[in-house]
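Encoded as structure tokens, the structure appears first; notes follow it.
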Amino acid sequence: MDFSKIVSEVSSFVWGIPIIVFLMAAGFYFSFRTRFLQIRYFRRMIRMLLSGKSSKSGISSFQAFALALSGRVGTGNIAGVATAIALGGPGAVFWMWAFAFFGAATAYVEASLGQIYKEKIDGHYRGGPAFYILKGLNSKYFALFFAAITIISLGLLLPGIQSNAICDAFHNSFEIDKHVSAGFIVLLLALIIFGGVKRLARVAECITPFMAIGYVLVAGVILVMNWHHIPSMLLLILRSAFGIDSAVGGIVGSAIIMGVKRGVFSNEAGQGTAPHAAAACEVSHPSKQGLVQAFSIYVDTLLVCSATAFIILITGMYNIYSADGTVLFYGGGLPPSETGYGPVFTQLAVDVSISGFGSGFVAIALFFFAFTTIMSYYFQAETNVYFLFRSRRISVYMINILRVIILAVTFFTGINAMTLAWDMADIGVGIMAWLNLVALILLQKTALKIFFDFEKQLKSGIENPVFDPDKLGIKNTSEWDNRSGEKE
């Protein structure tokens with residue numbers, strides 16, 4: 001048995017039916033217990049996003065939103081959506097939406113927990129699943145294992161997906177040598193990551209909104225140009241999702257799996273990555289950042305992922321394949337290459353509507369999406385290095401090693417074929433999701449207690465709720481002690 005087959009089988013095992021059920025069940029449970037906060041607090045999410053300021057120790061709500069969104073909006077929003085449609089049919093888009101809707105509640109819970117159990121390390125707030133597993137569950141080895149898996153996944157497995165996609169896109173669109181593209185990415189990344197968390201936040205704050213808005217606007221133009229196909233496109237998505245469409249009737253299971261799998265890879269709800277950015281924020285109550293992170297799920301999936309899906313489906317530029325590679329539907333897209341379906345469907349779809357524009361536009365969009373995602377991966381991996389090595393002297397040494405490793409991985413995976421990239425990335429994401437979901441379920445009473453406290457203060461007329469852990473009986477919250485009277 002060759003290595004690629006082993007990796008593929010491990011990926012299939014990690015991403016089997018149990019994790020799909022677990023993710024959807026957790027999202028539905030948290031939605032039900034919070035009485036669907038993703039609907040009731042939608043307007044407040046936007047207000048929370050624009051309120052609050054950074055401090056000496058923490059970044060602002062908007063910076064935390066941008067930093068988390070930079071991790072969410074990446075190659076998965078272009079290549080990942082195309083892959084989901086290729087292997088799951090148009091119905092995968094519906095299941096991606098379903099997961100995003102319920103996943104918003106999960107995102108609230110993990111972000112709030114990240115805030116509750118954050119720590120001040122080297123002058124800045126740090127936090128994430130490893131922190132709330134240790135402090136909330138008092139499980140040292142569970143926390144250390146999660147931190148180690150996160151460093152491996154984000155430092156070694158996931159950056160390759162992003163850098164390789166950039167180099168491929170620039171080579172195919174502008175005939176730029178991959179070594180040149182990879183070298184440019186590494187140089188730019190080095191300038192940013194050696195500047196610390198504040199510089200990362202500022203760069204994300206500037207780039208992320210620009211790239212998301214620009215991409216969605218182009219998708220909107222294409223939809224307007226093909227407005228008469230919108231009803232049939234939406235009907236196709238619904239019919240395919242439930243196996244009514246004859247062309248894909250036999251791959252409903254694949255539609256669900258691919259929709260949820262690519263949904264998690266893109267919006268990261270329940271995966272355990274976004275809490276790192278949420279914990280770095282300065283707020284007066286954990287629920288504020290929880291709501292902001294729930295809103296970022298909408299931006300990632302319902303806006304950016306949907307933009308890609310609509311561009312592809314409304315122009316018909318896609319193929320659908322069965323698990324053995326048989327073509328179930330041929331819509332004009334190119335057959336898969338050795339590097340996967342990638343952004344080809346999207347490039348073809350944009351070109352059909354705006355001749356000569358698709359290839360270059362998608363390549364540039366992919367650069368911004370993927371580059372900011374690598375930034376976010378580094379920040380999250382760095383946070384877990386700080387967690388593992390509590391000594392400042394050792395941490396600084398290990399952080400520099402991490403920087404060199406992630407720069408090297410970014411370069412070498414950028415210039416080489418990534419045949420196994422998606423399977424390896426899926427394994428990393430899947431293991432993190434399993435571990436994080438277990439922690440969220442075990443800590444759900446604490447998360448819900450925080451939510452009900454926030455809601456109670458709002459109902460009593462307090463517009464700026466303040467978190468008091470002693471009042472709620474929550475322990476190991478060192479950065480919240482003696483802060484009950486502080487304002488943002």
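Letters A, B, ... go to the chains of the structure tokens in the order shown; residues in each chain start at 1; ligands are counted from 1 in the same order.
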Original post:
Within 7 Å of region 438-448 of chain A, counting only C-alpha atoms, which residues qualify if same-chain residues fewer than 5 places away don't, as a ChimeraX atom specification?
Top reply: /A:109-110,112-113,133,136
Subject >> Using only C-alpha atoms: which of A:Ala147, A:Ala82, A:Ser359, A:Thr373 has the shortest distance to Glu175 (chain A) >> reply: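 Result for the nearest residue to Glu175 (chain A): A:Ser359.
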Subject >> Lys120 (chain A) environment, 12 Å, only C-alpha atoms, sequence neighbours closer than 6 positions dropped, as a ChimeraX atom specification >> reply: /A:56-58,126-127,131,279-282,383,386-387,390,477-480
Subject >> Contacts of Tyr378 (chain A) within 8 Å, only C-alpha atoms, excl. fewer than 4 positions in-chain, as number ranges by chain >> reply: A: 154-155, 193, 374, 382, 403, 406
**OP:** Give the strand (DSSP E or B) residues of region 13-245 of chain A, as assigned by DSSP on the backbone, as a list in words.
**Re:**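 Selecting the strand (DSSP E or B) positions of region 13-245 of chain A gives Ile59, Glu119, Lys120, Ile121, His124, Tyr125 and Arg126 of chain A.
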Subject >> Residue list (helix (DSSP H, G or I), DSSP) for region 50-174 of chain A, as an MDAnalysis selection string >> reply: chainID A and resid 50 61:72 75:77 79:88 91:116 129:137 140:157 159:174
Original post:
Which residues, written as a ChimeraX atom specification, have at least one atom at most 9 Å from Leu407 (chain A), with only C-alpha atoms counted and residues fewer than 6 positions away on the same chain left out?
Top reply: /A:185-187,189-190
Original post:
So how many Å separate CA of Phe367 (chain A) and CA of Ile166 (chain A), to one decimal?
Top reply: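 Distance reported for this atom pair: 5.3 Å.
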Original post:
In Å to one decimal, how far is CA of Ile427 (chain A) from CA of Ile237 (chain A)?
Top reply: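 Atom-to-atom, CA of Ile237 (chain A) to CA of Ile427 (chain A), that is 27.7 Å.
Residues within 7 Å of region 465-475 of chain A, counting only C-alpha atoms and excluding same-chain residues fewer than 3 positions away, are Ser284, His285, Phe454, Gln457, Leu458, Ile462 and Ser484 of chain A.
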